[in-house]
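Reviewing the structure listed below.
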Amino acid sequence: MRVLIIVLLLTLITVNQHGSAVNGGDFAGDYSKLSGIIIPGFASTQLRAWSILDCPYSPLDFNPLDLVWLDSTKLLSAVNCWLKCMILDPYNQTDHPECRSRPDSGLSAITELDPGYITGPLSSVWKEWIKWCIEFGIEPNAIIAVPYDWRLSPSKLEERDLYFHKLKFVYNLNYLYCLSITWNLNFVSVLFDLNLIAVSKINAHSLGNNVFRYFLEWLKLEIAPKHYFQWLDEHIHAYFAVGAPLLGSIETVKASLSGLSYGLPVSEGTARLMFNSFASSLWMLPFSKNCRADNAYWKHFSGGSKHGHHMYHCEEQEFRSNFSGFPTNIINIEIPSIRRFNAYPSVAEVAEANLSSMECGLPTQLSFSAREISDGTFFKAIEDYDPDSKRLLYQLEKYHSDPVLNPLTPWDRPPIKNVFCIYGLDSKTEVGYYFAPSGKPYPDNWIITDVIFEVEGSLFSRSGDLVEGNPGAASGDDTVPYNSLSFCKNWLGSKVNITRTPQPEHDGSDVQVELNVEHHHGEDIIPNMTRSPRVKYITFYEDSESIPGKRTAVWELDKASHRNIVRHPVLMRELWLQMWHDIHPDAKSRFVTKAKRGPLRDEDCFWDYGKARCAWPEYCEYRYIFGDVHLGQSCRLKNSSADLPLHYL
């Protein structure tokens with residue numbers, strides 16, 4: 001093992017020495033000091049076949065390493081074969097007997113799910129993120145993707161794939177890479193008396209944040225307690241939690257009961273069958289912020305069984321308040337009062353049954369909060385009416401009895417030096433549903449009769465009627481509700497600095513700042529700032545004082561959608577400036593300044609038709625290159641713009 005580590009280290013030093021001669025991009029500076037690990041979200045990793053499957057009535061078969069998720073051609077031409085390679089056994093999470101699929105590896109597994117001239121841009125996930133890294137001179141070895149089988153529960157990820165052992169090895173490898181860079185920089189440090197270090201950051205999106213949280217808890221069982229925090233400080237400089245469903249996602253309930261195709265050419269019933277076969281579907285269930293589980297290590301000191309929901313207990317606030325901290329009850333469902341046959345009949349039963357007798361009895365409407373969903377109360381209530389309930393209850397029990405972590409409990413601030421929680425807000429987001437029996441066979445036995453949306457601090461039904469409830473100060477990111485995204489504000493201290501700036505490049509005239517704003521734990525922070533109706537803003541909540549040696553920040557991006565935020569150019573810009581600020585020896589503040597934002601890339605320059613010149617003339621100039629098709633394309637950064645980032649120290 002020692003020989004292997006020495007060989008890896010020597011290899012990394014050699015690679016870094018060769019790479020140090022490469023031009024570091026358009027700006028002056030050594031960007032090779034930056035490195036990062038990407039943990040993708042749900043359905044954001046390619047899956048490839050690990051079997052030979054002959055598909056009858058189709059010229060397309062599945063062979064080893066063929067793309068499964070996502071191959072739209074085979075999905076359209078051989079959907080039954082494709083489903084065999086996708087679905088899992090709902091109890092033991094094993095593959096279909098005829099086909100197995102496993103996650104792909106490397107950056108290509110997370111850039112485009114379905115590569116192609118047309119399908120590539122439509123299925124792009126992390127491609128723009130990686131493109132930014134390339135443009136600013138990040139070394140190829142410095143960006144590591146850690147794809148995983150997003151169909152599995154966390155315990156199964158480790159049991160089947162040893163995923164968290166592999167993830168730990170990746171962090172160690174990345175640490176060696178950063179260490180080799182730091183050794184090379186020692187010569188510069190001595191000559192110029194600079195404190196130069198290599199920086200490693202974690203970028204996680206959506207479900208990837210849940211994966212990272214579970215890894216941190218799993219690591220506690222792998223490393224001696226006195227070395228745990230030292231390991232984190234050495235291996236992880238910053239954690240960027242993008243679109244984290246900290247209290248779960250409401251859409252999970254919709255996908256479990258009626259199906260959610262995500263734009264795929266499959267019926268909602270088929271999508272429901274597939275989604276409910278994945279144990280990871282429960283990983284994103286909404287849950288109450290007032291309910292927690294017993295300590296993960298309690299079973300080592302007591303004789304009690306680890307099974308049962310007695311591990312899940314709630315504070316009194318949970319029973320005094322409505323809706324478990326969410327805007328409204330998440331599920332309102334009609335249960336038939338007369339059961340002449342099952343609510344999920346076969347096709348023959350539907351054809352033969354006389355439904356007129358059911359019209360004599362009024363259905364019973366039941367409502368369920370986030371707590372009643374996550375603790376299994378809801379699934380037990382419909383157990384006699386839905387065959388998936390027993391399977392979901394079985395997996396839910398495994399989540400609650402997980403010896404490492406019960407994921408259906410509220411987050412504490414990760415023990416990382418620098419934590420940045422980033423999400424979009426003020427998009428129309430679903431927060432509640434009304435379900436009723438459809439009279440059709442399973443899996444189409446439920447129908448959505450109404451949907452409750454949160455829209456910029458108000459609740460509306462699908463028909464546009466105002467709905468009573470407890471809406472938050474804003475709405476979510478079109479997928480995850482605001483209260484789940486903004487739960488990370490609890491990680492901030494009692495004094496918070498708030499800055500609101502326009503998202504596009506700006507000269508600082510519309511920047512608003514509030515310093516030392518009081519924040520009470522468990523309460524939202526609502527800045528007393530104005531908004532222009534035509535401007536999209538980004539609001540920064542920053543705290544570098546409450547925990548010595550650590551920084552915590554929350555970034556809110558107006559109208560940034562959940563699925564597209566990882567390729568949002570404003571997010572890319574702010575991430576880059578913050579990381580550049582962190583590695584620069586002349587940085588004077590704990591966070592990058594927000595006073596102004598100018599162009600950083602050629603793509604940021606554009607033609608100002610009103611003034612008949614390139615906008616931002618102090619940064620951009622008109623420079624035609626053969627092949628340009630419009631004036632804006634010929635606006636490029638001036639050659640003298642190499643010191644642009646120095647304005648943000």
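By order of appearance in the structure tokens: chains A, B, ..., then residues from 1 within every chain, and ligands from 1 in the order shown.
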
Write down as an mmCIF file with N, CA, C and O atoms, in the first residue's frame the residues of range 471-578 of chain A whose backbone DSSP state falls under strand (DSSP E or B).
```cif
data_model
loop_
_atom_site.group_PDB
_atom_site.id
_atom_site.type_symbol
_atom_site.label_atom_id
_atom_site.label_comp_id
_atom_site.auth_asym_id
_atom_site.auth_seq_id
_atom_site.Cartn_x
_atom_site.Cartn_y
_atom_site.Cartn_z
ATOM 1 N N LYS A 495 -25.358 36.990 13.823
ATOM 2 C CA LYS A 495 -25.116 38.227 13.087
ATOM 3 C C LYS A 495 -24.743 37.869 11.649
ATOM 4 O O LYS A 495 -23.792 37.128 11.416
ATOM 5 N N VAL A 496 -25.509 38.412 10.710
ATOM 6 C CA VAL A 496 -25.333 38.054 9.307
ATOM 7 C C VAL A 496 -25.204 39.324 8.474
ATOM 8 O O VAL A 496 -25.952 40.288 8.673
ATOM 9 N N ASN A 497 -24.283 39.311 7.536
ATOM 10 C CA ASN A 497 -24.152 40.401 6.565
ATOM 11 C C ASN A 497 -24.889 40.005 5.289
ATOM 12 O O ASN A 497 -24.676 38.912 4.752
ATOM 13 N N ILE A 498 -25.738 40.900 4.813
ATOM 14 C CA ILE A 498 -26.567 40.604 3.647
ATOM 15 C C ILE A 498 -26.228 41.593 2.538
ATOM 16 O O ILE A 498 -26.156 42.804 2.764
ATOM 17 N N THR A 499 -26.027 41.061 1.333
ATOM 18 C CA THR A 499 -25.761 41.887 0.156
ATOM 19 C C THR A 499 -26.653 41.419 -0.977
ATOM 20 O O THR A 499 -26.736 40.224 -1.246
ATOM 21 N N ARG A 500 -27.314 42.362 -1.623
ATOM 22 C CA ARG A 500 -28.154 42.035 -2.779
ATOM 23 C C ARG A 500 -27.635 42.811 -3.989
ATOM 24 O O ARG A 500 -27.496 44.046 -3.949
ATOM 25 N N THR A 501 -27.362 42.071 -5.069
ATOM 26 C CA THR A 501 -26.828 42.687 -6.278
ATOM 27 C C THR A 501 -27.601 42.179 -7.487
ATOM 28 O O THR A 501 -28.171 41.083 -7.452
ATOM 29 N N PRO A 502 -27.618 42.936 -8.581
ATOM 30 C CA PRO A 502 -28.198 42.399 -9.825
ATOM 31 C C PRO A 502 -27.387 41.210 -10.326
ATOM 32 O O PRO A 502 -26.171 41.133 -10.121
ATOM 33 N N HIS A 506 -22.703 44.598 -13.527
ATOM 34 C CA HIS A 506 -23.239 45.871 -13.042
ATOM 35 C C HIS A 506 -22.102 46.741 -12.525
ATOM 36 O O HIS A 506 -20.990 46.260 -12.241
ATOM 37 N N GLN A 512 -27.157 46.664 -2.653
ATOM 38 C CA GLN A 512 -27.704 46.987 -1.338
ATOM 39 C C GLN A 512 -27.033 46.114 -0.280
ATOM 40 O O GLN A 512 -26.862 44.913 -0.480
ATOM 41 N N VAL A 513 -26.675 46.732 0.837
ATOM 42 C CA VAL A 513 -25.926 46.039 1.879
ATOM 43 C C VAL A 513 -26.567 46.300 3.236
ATOM 44 O O VAL A 513 -26.927 47.445 3.553
ATOM 45 N N GLU A 514 -26.700 45.242 4.031
ATOM 46 C CA GLU A 514 -27.110 45.337 5.435
ATOM 47 C C GLU A 514 -26.113 44.550 6.270
ATOM 48 O O GLU A 514 -25.923 43.355 6.044
ATOM 49 N N LEU A 515 -25.481 45.216 7.231
ATOM 50 C CA LEU A 515 -24.461 44.585 8.052
ATOM 51 C C LEU A 515 -25.001 44.212 9.425
ATOM 52 O O LEU A 515 -25.857 44.920 9.984
ATOM 53 N N ASN A 516 -24.512 43.115 9.961
ATOM 54 C CA ASN A 516 -24.837 42.665 11.318
ATOM 55 C C ASN A 516 -26.344 42.563 11.558
ATOM 56 O O ASN A 516 -26.870 43.026 12.570
ATOM 57 N N VAL A 517 -27.028 41.937 10.614
ATOM 58 C CA VAL A 517 -28.466 41.712 10.764
ATOM 59 C C VAL A 517 -28.682 40.598 11.789
ATOM 60 O O VAL A 517 -28.045 39.540 11.728
ATOM 61 N N GLU A 518 -29.566 40.832 12.736
ATOM 62 C CA GLU A 518 -29.828 39.827 13.767
ATOM 63 C C GLU A 518 -30.573 38.633 13.176
ATOM 64 O O GLU A 518 -31.509 38.790 12.400
ATOM 65 N N TYR A 537 -32.105 39.376 -9.142
ATOM 66 C CA TYR A 537 -31.060 39.640 -8.167
ATOM 67 C C TYR A 537 -30.448 38.337 -7.659
ATOM 68 O O TYR A 537 -31.008 37.245 -7.815
ATOM 69 N N ILE A 538 -29.294 38.486 -7.032
ATOM 70 C CA ILE A 538 -28.689 37.420 -6.249
ATOM 71 C C ILE A 538 -28.412 38.001 -4.868
ATOM 72 O O ILE A 538 -27.819 39.073 -4.739
ATOM 73 N N THR A 539 -28.884 37.312 -3.832
ATOM 74 C CA THR A 539 -28.766 37.792 -2.460
ATOM 75 C C THR A 539 -27.787 36.908 -1.708
ATOM 76 O O THR A 539 -27.917 35.679 -1.705
ATOM 77 N N PHE A 540 -26.804 37.533 -1.067
ATOM 78 C CA PHE A 540 -25.762 36.821 -0.328
ATOM 79 C C PHE A 540 -25.980 37.013 1.171
ATOM 80 O O PHE A 540 -26.089 38.149 1.648
ATOM 81 N N TYR A 541 -26.029 35.933 1.915
ATOM 82 C CA TYR A 541 -26.065 35.959 3.380
ATOM 83 C C TYR A 541 -24.738 35.362 3.852
ATOM 84 O O TYR A 541 -24.454 34.192 3.579
ATOM 85 N N GLU A 542 -23.936 36.145 4.556
ATOM 86 C CA GLU A 542 -22.579 35.715 4.876
ATOM 87 C C GLU A 542 -22.282 35.852 6.366
ATOM 88 O O GLU A 542 -22.662 36.850 7.008
ATOM 89 N N ASP A 543 -21.609 34.843 6.902
ATOM 90 C CA ASP A 543 -21.260 34.816 8.321
ATOM 91 C C ASP A 543 -19.877 34.180 8.461
ATOM 92 O O ASP A 543 -19.692 33.016 8.104
ATOM 93 N N ARG A 551 -16.428 29.657 7.691
ATOM 94 C CA ARG A 551 -17.315 30.597 7.003
ATOM 95 C C ARG A 551 -18.572 29.868 6.540
ATOM 96 O O ARG A 551 -18.511 28.708 6.126
ATOM 97 N N THR A 552 -19.683 30.576 6.608
ATOM 98 C CA THR A 552 -20.951 30.039 6.123
ATOM 99 C C THR A 552 -21.629 31.105 5.277
ATOM 100 O O THR A 552 -21.686 32.274 5.671
ATOM 101 N N ALA A 553 -22.116 30.698 4.116
ATOM 102 C CA ALA A 553 -22.782 31.647 3.227
ATOM 103 C C ALA A 553 -23.978 30.977 2.568
ATOM 104 O O ALA A 553 -23.971 29.765 2.314
ATOM 105 N N VAL A 554 -25.007 31.775 2.311
ATOM 106 C CA VAL A 554 -26.196 31.327 1.584
ATOM 107 C C VAL A 554 -26.397 32.278 0.414
ATOM 108 O O VAL A 554 -26.405 33.500 0.595
ATOM 109 N N TRP A 555 -26.527 31.701 -0.789
ATOM 110 C CA TRP A 555 -26.756 32.497 -1.998
ATOM 111 C C TRP A 555 -28.129 32.165 -2.561
ATOM 112 O O TRP A 555 -28.446 30.992 -2.790
ATOM 113 N N GLU A 556 -28.925 33.191 -2.794
ATOM 114 C CA GLU A 556 -30.252 33.019 -3.392
ATOM 115 C C GLU A 556 -30.276 33.679 -4.766
ATOM 116 O O GLU A 556 -30.041 34.886 -4.877
ATOM 117 N N LEU A 557 -30.565 32.889 -5.799
ATOM 118 C CA LEU A 557 -30.601 33.390 -7.171
ATOM 119 C C LEU A 557 -32.045 33.451 -7.654
ATOM 120 O O LEU A 557 -32.733 32.434 -7.726
ATOM 121 N N ASP A 558 -32.506 34.642 -7.971
ATOM 122 C CA ASP A 558 -33.875 34.807 -8.460
ATOM 123 C C ASP A 558 -34.085 34.014 -9.739
ATOM 124 O O ASP A 558 -33.275 34.083 -10.685
#
```

Practice task
Would you mind reading off the distance between CA of Asp388 in chain A and CA of Phe215 in chain A, one decimal, in Å?
Solution key: 29.1 Å

Practice task
Would you mind telling me which residue in A:Pro154, A:Pro481, A:Pro471, A:Gly106 lies nearest to Gln395 in chain A when using only C-alpha atoms?
Solution key: A:Pro154

Practice task
Could you give me, as a PyMOL selection string, the residues within 9 Å of range 232-245 of chain A, counting only C-alpha atoms and dropping anything in the same chain fewer than 2 positions from it?
Solution key: chain A and resi 171-172+174-175+178+199-210+216+227-230+247-249+284+286+414-424+477+480-481+484-485+487-488+561-563+565-566+575+579

Residues at most 7 Å from range 594-603 of chain A, counting only C-alpha atoms, excluding those fewer than 5 positions away in the same chain, as a compact mmCIF listing (two decimals) with N, CA, C and O atoms, in the first residue's frame?
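Done, and the output landed in part26.txt:
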```
# COMPACT_ATOMS: atom_id res chain seq x y z
N GLU A 505 -23.84 41.70 -15.22
CA GLU A 505 -22.74 42.60 -14.92
C GLU A 505 -23.30 43.97 -14.53
O GLU A 505 -24.26 44.45 -15.14
N HIS A 506 -22.70 44.60 -13.53
CA HIS A 506 -23.24 45.87 -13.04
C HIS A 506 -22.10 46.74 -12.53
O HIS A 506 -20.99 46.26 -12.24
N ASP A 507 -22.39 48.04 -12.40
CA ASP A 507 -21.37 49.01 -11.95
C ASP A 507 -21.44 49.30 -10.47
O ASP A 507 -20.69 50.15 -9.96
N GLY A 508 -22.35 48.63 -9.75
CA GLY A 508 -22.44 48.83 -8.31
C GLY A 508 -23.50 49.81 -7.87
O GLY A 508 -23.71 50.00 -6.66
N VAL A 511 -26.39 48.02 -5.77
CA VAL A 511 -25.97 47.09 -4.74
C VAL A 511 -26.50 47.56 -3.39
O VAL A 511 -26.33 48.73 -3.02
N TYR A 619 -13.60 47.24 -20.47
CA TYR A 619 -13.19 45.84 -20.47
C TYR A 619 -13.22 45.21 -21.87
O TYR A 619 -12.43 44.31 -22.16
N ARG A 636 -15.04 41.45 -27.70
CA ARG A 636 -14.21 40.54 -26.91
C ARG A 636 -13.47 41.32 -25.84
O ARG A 636 -13.33 42.54 -25.90
N LEU A 637 -12.99 40.57 -24.84
CA LEU A 637 -12.20 41.20 -23.79
C LEU A 637 -10.94 41.82 -24.37
O LEU A 637 -10.33 41.28 -25.29
```

Problem - Test item, helix (DSSP H, G or I) assignment across range 502-585 of chain A, answer as JSON, numbers by chain - result: {"A": [565, 566, 567, 569, 570, 571, 572, 573, 574, 575, 576, 577, 578, 579, 580, 581, 582, 583]}

Problem - Leu122 in chain A environment, 9 Å, only C-alpha atoms, sequence neighbours closer than 6 positions dropped, as number ranges by chain - result: A: 112-114

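CA of Pro387 in chain A is found 11.1 Å from CA of Pro441 in chain A.
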
Problem - Selection: 6 Å around range 313-316 of chain A, only C-alpha atoms, excl. self and same-chain fewer than 2 positions, as a list of chain:residue names - result: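 Residues meeting the cut-off are A:Asn290, A:Cys291, A:Arg292, A:Glu318, A:Phe319.
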
Exercise for the section: Using only C-alpha atoms, find the one residue out of A:Ala224, A:Leu152, A:Ala142, A:Ala279 that sits nearest to Leu176 in chain A. Expected result: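 Checking each candidate against Leu176 in chain A, we get A:Ala142 as the closest.
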
Practice task
May I have the residues within 10 Å of Leu408 in chain A as an MDAnalysis selection string, using only C-alpha atoms and disregarding those fewer than 4 positions away in the same chain?
Solution key: chainID A and resid 246:248 282:289 291:293 312 371 374:375 396 399:400

Exercise for the section: May I ask which of the residues A:Arg48, A:Trp576, A:Pro533, A:Phe275 is the closest one to Phe136 in chain A, counting only C-alpha atoms? Expected result: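 Of all the options, A:Trp576 lies closest to Phe136 in chain A.
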
Problem - One-decimal distance in Å that lies between CA of Gly269 in chain A and CA of Asp444 in chain A - result: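 Going from CA of Asp444 in chain A over to CA of Gly269 in chain A, I get 5.2 Å.
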